[in-house]
Amino acid sequence: MSKRQNPSDFLKQIIGKPVVVKLNSGVDYRGILACLDGFMNIALEQTEEYANGQLQNKLASKNLKQRNANLALLA
C-alpha cells in the first residue's frame with residue numbers, strides 16, 4: 001500500500017521540474033517551476049506562453065497569481 005501524500009509535499013517535490021499552468025483565459029504557460037508561495041502564486045523559469053495551442057512568447061521567467069490560474073500543474 002502506498003503512502004498518502006499531502007499537496008504541500010507533492011508541490012515541494014515538483015520544484016525544479018517542467019510543469020504546465022493553465023490560466024482561466026485559456027492561455028497555458030510551460031516552464032520550470034521555480035517556486036510557489038503559500039497563496040499558490042507561481043514562479044516559472046524558461047517559460048513558453050501558448051494561446052490556442054500556438055507558441056506566442058518565450059520568456060526567461062514568469063510570475064503568475066493564483067487568482068488567474070486554474071492551477072492545473074501538469075508535471
# chains A, B, ... in the order shown; residues from 1 in each chain; ligands from 1

$ select_by_dssp --residues "segment 3-54 of chain A" --states "helix (DSSP H, G or I)" --output "PyMOL selection string"
chain A and resi 7-14

$ write_last_selection --atoms "N, CA and C atoms" --output "PDB file, in the first residue's frame"
ATOM      1  N   PRO A   7      -0.831  17.648  -0.400  1.00  0.00           N
ATOM      2  CA  PRO A   7      -0.496  18.530  -1.529  1.00  0.00           C
ATOM      3  C   PRO A   7       0.793  19.314  -1.334  1.00  0.00           C
ATOM      4  N   SER A   8       1.074  19.748  -0.124  1.00  0.00           N
ATOM      5  CA  SER A   8       2.282  20.522   0.137  1.00  0.00           C
ATOM      6  C   SER A   8       3.534  19.697  -0.176  1.00  0.00           C
ATOM      7  N   ASP A   9       3.526  18.446   0.229  1.00  0.00           N
ATOM      8  CA  ASP A   9       4.673  17.571  -0.055  1.00  0.00           C
ATOM      9  C   ASP A   9       4.830  17.354  -1.553  1.00  0.00           C
ATOM     10  N   PHE A  10       3.721  17.147  -2.238  1.00  0.00           N
ATOM     11  CA  PHE A  10       3.765  16.955  -3.688  1.00  0.00           C
ATOM     12  C   PHE A  10       4.364  18.184  -4.368  1.00  0.00           C
ATOM     13  N   LEU A  11       3.904  19.372  -3.987  1.00  0.00           N
ATOM     14  CA  LEU A  11       4.392  20.600  -4.616  1.00  0.00           C
ATOM     15  C   LEU A  11       5.882  20.800  -4.363  1.00  0.00           C
ATOM     16  N   LYS A  12       6.353  20.444  -3.192  1.00  0.00           N
ATOM     17  CA  LYS A  12       7.789  20.545  -2.902  1.00  0.00           C
ATOM     18  C   LYS A  12       8.596  19.627  -3.818  1.00  0.00           C
ATOM     19  N   GLN A  13       8.037  18.475  -4.150  1.00  0.00           N
ATOM     20  CA  GLN A  13       8.749  17.514  -4.994  1.00  0.00           C
ATOM     21  C   GLN A  13       8.855  17.954  -6.447  1.00  0.00           C
ATOM     22  N   ILE A  14       7.930  18.806  -6.907  1.00  0.00           N
ATOM     23  CA  ILE A  14       7.973  19.187  -8.322  1.00  0.00           C
ATOM     24  C   ILE A  14       8.691  20.514  -8.566  1.00  0.00           C
TER      25      ILE A  14
END

$ residues_around --residues "segment 45-48 of chain A" --least-positions-apart "4" --cutoff "10 Å" --atoms "only C-alpha atoms" --output "list of chain:residue names"
A:Gly16, A:Pro18, A:Val19, A:Val20, A:Asp28, A:Tyr29, A:Arg30, A:Gly31, A:Ile32, A:Leu33, A:Ala34, A:Cys35, A:Leu55, A:Gln56, A:Asn57, A:Lys58, A:Leu59, A:Ala60, A:Ser61, A:Lys62, A:Asn63

$ write_last_selection --atoms "C-alpha atoms" --output "PDB file, in the first residue's frame"
ATOM      1  CA  GLY A  16      12.627  22.461 -10.464  1.00  0.00           C
ATOM      2  CA  PRO A  18       8.749  21.076 -16.023  1.00  0.00           C
ATOM      3  CA  VAL A  19       5.079  21.982 -15.494  1.00  0.00           C
ATOM      4  CA  VAL A  20       2.137  23.396 -17.425  1.00  0.00           C
ATOM      5  CA  ASP A  28      -1.022  27.963 -20.993  1.00  0.00           C
ATOM      6  CA  TYR A  29       2.444  28.570 -19.588  1.00  0.00           C
ATOM      7  CA  ARG A  30       5.022  25.793 -19.834  1.00  0.00           C
ATOM      8  CA  GLY A  31       8.236  26.065 -17.905  1.00  0.00           C
ATOM      9  CA  ILE A  32      10.318  25.001 -14.946  1.00  0.00           C
ATOM     10  CA  LEU A  33       8.585  25.503 -11.586  1.00  0.00           C
ATOM     11  CA  ALA A  34      10.907  27.849  -9.671  1.00  0.00           C
ATOM     12  CA  CYS A  35       8.769  28.419  -6.578  1.00  0.00           C
ATOM     13  CA  LEU A  55       3.537  29.333 -29.153  1.00  0.00           C
ATOM     14  CA  GLN A  56       3.214  33.090 -28.550  1.00  0.00           C
ATOM     15  CA  ASN A  57       6.275  34.055 -26.493  1.00  0.00           C
ATOM     16  CA  LYS A  58       9.416  32.679 -24.890  1.00  0.00           C
ATOM     17  CA  LEU A  59      10.236  34.274 -21.551  1.00  0.00           C
ATOM     18  CA  ALA A  60      13.156  33.944 -19.150  1.00  0.00           C
ATOM     19  CA  SER A  61      10.724  33.966 -16.219  1.00  0.00           C
ATOM     20  CA  LYS A  62       7.037  34.483 -15.474  1.00  0.00           C
ATOM     21  CA  ASN A  63       5.168  35.135 -12.228  1.00  0.00           C
TER      22      ASN A  63
END

$ atom_distance --atom1 "atom CA of Arg4 of chain A" --atom2 "atom CA of Leu44 of chain A"
26.9 Å

$ select_by_dssp --residues "chain A" --states "strand (DSSP E)" --output "VMD selection string"
chain A and resid 18 to 22 28 to 36 42 to 51 54 to 64

$ write_last_selection --atoms "N, CA and C atoms" --output "tab-separated table (two decimals), in the first residue's frame"
chain	number	residue	atom	x	y	z
A	18	PRO	N	9.62	20.45	-15.02
A	18	PRO	CA	8.75	21.08	-16.02
A	18	PRO	C	7.28	20.91	-15.64
A	19	VAL	N	6.52	21.99	-15.79
A	19	VAL	CA	5.08	21.98	-15.49
A	19	VAL	C	4.33	22.78	-16.56
A	20	VAL	N	3.03	22.58	-16.60
A	20	VAL	CA	2.14	23.40	-17.43
A	20	VAL	C	1.13	24.04	-16.48
A	21	VAL	N	0.96	25.36	-16.59
A	21	VAL	CA	-0.02	26.09	-15.79
A	21	VAL	C	-1.07	26.63	-16.75
A	22	LYS	N	-2.32	26.25	-16.53
A	22	LYS	CA	-3.42	26.68	-17.39
A	22	LYS	C	-4.14	27.84	-16.72
A	28	ASP	N	-1.83	28.92	-21.75
A	28	ASP	CA	-1.02	27.96	-20.99
A	28	ASP	C	0.40	28.49	-20.90
A	29	TYR	N	1.03	28.27	-19.76
A	29	TYR	CA	2.44	28.57	-19.59
A	29	TYR	C	3.16	27.26	-19.29
A	30	ARG	N	4.23	27.01	-20.02
A	30	ARG	CA	5.02	25.79	-19.83
A	30	ARG	C	6.42	26.22	-19.45
A	31	GLY	N	6.90	25.70	-18.35
A	31	GLY	CA	8.24	26.07	-17.90
A	31	GLY	C	8.67	25.25	-16.71
A	32	ILE	N	9.76	25.67	-16.12
A	32	ILE	CA	10.32	25.00	-14.95
A	32	ILE	C	9.76	25.70	-13.71
A	33	LEU	N	9.15	24.93	-12.81
A	33	LEU	CA	8.58	25.50	-11.59
A	33	LEU	C	9.72	25.97	-10.68
A	34	ALA	N	9.84	27.28	-10.50
A	34	ALA	CA	10.91	27.85	-9.67
A	34	ALA	C	10.49	27.92	-8.21
A	35	CYS	N	9.26	28.37	-7.95
A	35	CYS	CA	8.77	28.42	-6.58
A	35	CYS	C	7.26	28.64	-6.57
A	36	LEU	N	6.71	28.42	-5.41
A	36	LEU	CA	5.28	28.52	-5.16
A	36	LEU	C	5.15	29.05	-3.75
A	42	ILE	N	2.72	31.49	-8.46
A	42	ILE	CA	3.65	30.59	-9.13
A	42	ILE	C	4.75	31.38	-9.84
A	43	ALA	N	5.98	30.92	-9.73
A	43	ALA	CA	7.09	31.49	-10.49
A	43	ALA	C	7.65	30.39	-11.39
A	44	LEU	N	7.73	30.70	-12.69
A	44	LEU	CA	8.27	29.76	-13.67
A	44	LEU	C	9.53	30.34	-14.30
A	45	GLU	N	10.45	29.47	-14.70
A	45	GLU	CA	11.64	29.87	-15.45
A	45	GLU	C	11.61	29.16	-16.80
A	46	GLN	N	12.38	29.68	-17.77
A	46	GLN	CA	12.44	29.11	-19.11
A	46	GLN	C	11.02	28.86	-19.63
A	47	THR	N	10.23	29.91	-19.63
A	47	THR	CA	8.78	29.81	-19.85
A	47	THR	C	8.39	30.03	-21.30
A	48	GLU	N	7.42	29.25	-21.75
A	48	GLU	CA	6.81	29.43	-23.07
A	48	GLU	C	5.32	29.70	-22.85
A	49	GLU	N	4.81	30.69	-23.57
A	49	GLU	CA	3.40	31.06	-23.47
A	49	GLU	C	2.66	30.56	-24.71
A	50	TYR	N	1.58	29.81	-24.49
A	50	TYR	CA	0.79	29.27	-25.59
A	50	TYR	C	-0.64	29.78	-25.51
A	51	ALA	N	-1.20	30.14	-26.67
A	51	ALA	CA	-2.61	30.51	-26.79
A	51	ALA	C	-3.17	29.73	-27.96
A	54	GLN	N	-0.82	27.49	-29.84
A	54	GLN	CA	0.27	28.08	-30.63
A	54	GLN	C	1.23	28.84	-29.71
A	55	LEU	N	2.52	28.62	-29.92
A	55	LEU	CA	3.54	29.33	-29.15
A	55	LEU	C	3.46	30.83	-29.45
A	56	GLN	N	3.31	31.64	-28.40
A	56	GLN	CA	3.21	33.09	-28.55
A	56	GLN	C	4.50	33.81	-28.14
A	57	ASN	N	5.09	33.39	-27.04
A	57	ASN	CA	6.28	34.06	-26.49
A	57	ASN	C	7.17	33.06	-25.78
A	58	LYS	N	8.46	33.39	-25.73
A	58	LYS	CA	9.42	32.68	-24.89
A	58	LYS	C	9.94	33.70	-23.89
A	59	LEU	N	9.88	33.35	-22.62
A	59	LEU	CA	10.24	34.27	-21.55
A	59	LEU	C	11.28	33.64	-20.63
A	60	ALA	N	12.17	34.45	-20.10
A	60	ALA	CA	13.16	33.94	-19.15
A	60	ALA	C	12.46	33.51	-17.86
A	61	SER	N	11.47	34.30	-17.42
A	61	SER	CA	10.72	33.97	-16.22
A	61	SER	C	9.32	34.57	-16.30
A	62	LYS	N	8.43	34.00	-15.51
A	62	LYS	CA	7.04	34.48	-15.47
A	62	LYS	C	6.48	34.23	-14.09
A	63	ASN	N	5.85	35.26	-13.51
A	63	ASN	CA	5.17	35.14	-12.23
A	63	ASN	C	3.67	35.14	-12.49
A	64	LEU	N	2.97	34.18	-11.91
A	64	LEU	CA	1.53	34.05	-12.12
A	64	LEU	C	0.81	34.11	-10.79

$ atom_distance --atom1 "atom CA of Asn52 of chain A" --atom2 "atom CA of Ser25 of chain A"
10.4 Å
